[in-house]
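Here is the structure we will look at.
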Amino acid sequence: MIQTLPELVKFDEFSDWYPENSEHRYELHNGEIIEIPKATGQHSTVAGFTALKFGIEIERLGSPEFMV
């Protein structure tokens, strides 16, 4: 029996692949693209607060980084 291993995805490939207006979210874990569920409840509140604070700091620093 022959087993083929999945080809690992690099970050720049993941970034190019990421769909712009998808209702789904994805993360890159050890070279594999994983669909992640939408945040709910308290997790959603914490995630939103954290994203807001990171965004404010990125803008304050004038950094070219962004969050998706």
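Residues in the structure tokens are named by chain (A, B, ... in the order shown) and by number from 1 within that chain; ligands are numbered from 1 in the order shown.
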*If we count only C-alpha atoms, what is near range 30-38 of chain A at a cut-off of 8 Å, once residues fewer than 4 positions away on the same chain are taken out, given as a list of chain:residue names?*
A:Leu8, A:Val9, A:Lys10, A:Phe11, A:Phe14, A:His24, A:Arg25, A:Tyr26
With N, CA and C atoms retained, write the just-selected residues as an mmCIF file, in the first residue's frame.
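result27.cif, written as the output of this step:
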```
data_model
loop_
_atom_site.group_PDB
_atom_site.id
_atom_site.type_symbol
_atom_site.label_atom_id
_atom_site.label_comp_id
_atom_site.auth_asym_id
_atom_site.auth_seq_id
_atom_site.Cartn_x
_atom_site.Cartn_y
_atom_site.Cartn_z
ATOM 1 N N LEU A 8 2.522 20.379 2.476
ATOM 2 C CA LEU A 8 2.384 21.429 3.474
ATOM 3 C C LEU A 8 2.302 22.792 2.794
ATOM 4 N N VAL A 9 1.457 23.647 3.324
ATOM 5 C CA VAL A 9 1.240 24.983 2.781
ATOM 6 C C VAL A 9 2.112 25.960 3.555
ATOM 7 N N LYS A 10 2.797 26.836 2.846
ATOM 8 C CA LYS A 10 3.612 27.873 3.486
ATOM 9 C C LYS A 10 2.737 29.104 3.706
ATOM 10 N N PHE A 11 3.170 29.994 4.607
ATOM 11 C CA PHE A 11 2.355 31.150 4.970
ATOM 12 C C PHE A 11 2.028 32.018 3.771
ATOM 13 N N PHE A 14 -0.681 30.424 1.832
ATOM 14 C CA PHE A 14 -1.937 30.539 2.581
ATOM 15 C C PHE A 14 -2.513 31.942 2.429
ATOM 16 N N HIS A 24 -16.540 31.957 6.087
ATOM 17 C CA HIS A 24 -15.775 31.030 6.925
ATOM 18 C C HIS A 24 -14.422 31.635 7.255
ATOM 19 N N ARG A 25 -13.824 31.173 8.347
ATOM 20 C CA ARG A 25 -12.497 31.631 8.749
ATOM 21 C C ARG A 25 -11.554 30.441 8.714
ATOM 22 N N TYR A 26 -10.305 30.728 8.417
ATOM 23 C CA TYR A 26 -9.316 29.668 8.298
ATOM 24 C C TYR A 26 -8.044 30.060 9.042
#
```
*DSSP says strand (DSSP E or B) for which residues of chain A? Put them as a PyMOL selection string?*
chain A and resi 25-29+32-36
I need the residues from that last selection saved to file as a PDB file, in the first residue's frame (with C-alpha atoms), if you can.
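Okay, selection16.pdb is ready:
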```pdb
ATOM      1  CA  ARG A  25     -12.497  31.631   8.749  1.00  0.00           C
ATOM      2  CA  TYR A  26      -9.316  29.668   8.298  1.00  0.00           C
ATOM      3  CA  GLU A  27      -6.026  29.244  10.156  1.00  0.00           C
ATOM      4  CA  LEU A  28      -2.751  27.684   9.141  1.00  0.00           C
ATOM      5  CA  HIS A  29      -1.636  24.965  11.587  1.00  0.00           C
ATOM      6  CA  GLU A  32      -2.357  22.600   6.997  1.00  0.00           C
ATOM      7  CA  ILE A  33      -5.306  24.909   6.341  1.00  0.00           C
ATOM      8  CA  ILE A  34      -7.974  24.409   9.006  1.00  0.00           C
ATOM      9  CA  GLU A  35     -11.494  25.878   8.891  1.00  0.00           C
ATOM     10  CA  ILE A  36     -12.358  27.304  12.290  1.00  0.00           C
TER      11      ILE A  36
END
```
*asked:* Please extract the residues of range 7-65 of chain A with a backbone DSSP assignment of alpha helix (DSSP H) and present them as a ChimeraX atom specification.
replied: /A:11-17,41-61
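Atom pair CA of Pro19 in chain A / CA of Glu57 in chain A: separated by 25.7 Å.
Distance-wise, CA of Leu52 in chain A and CA of Met67 in chain A end up 10.1 Å apart.
When CA of Ile56 in chain A is paired with CA of Glu13 in chain A, their separation reads 27.7 Å.
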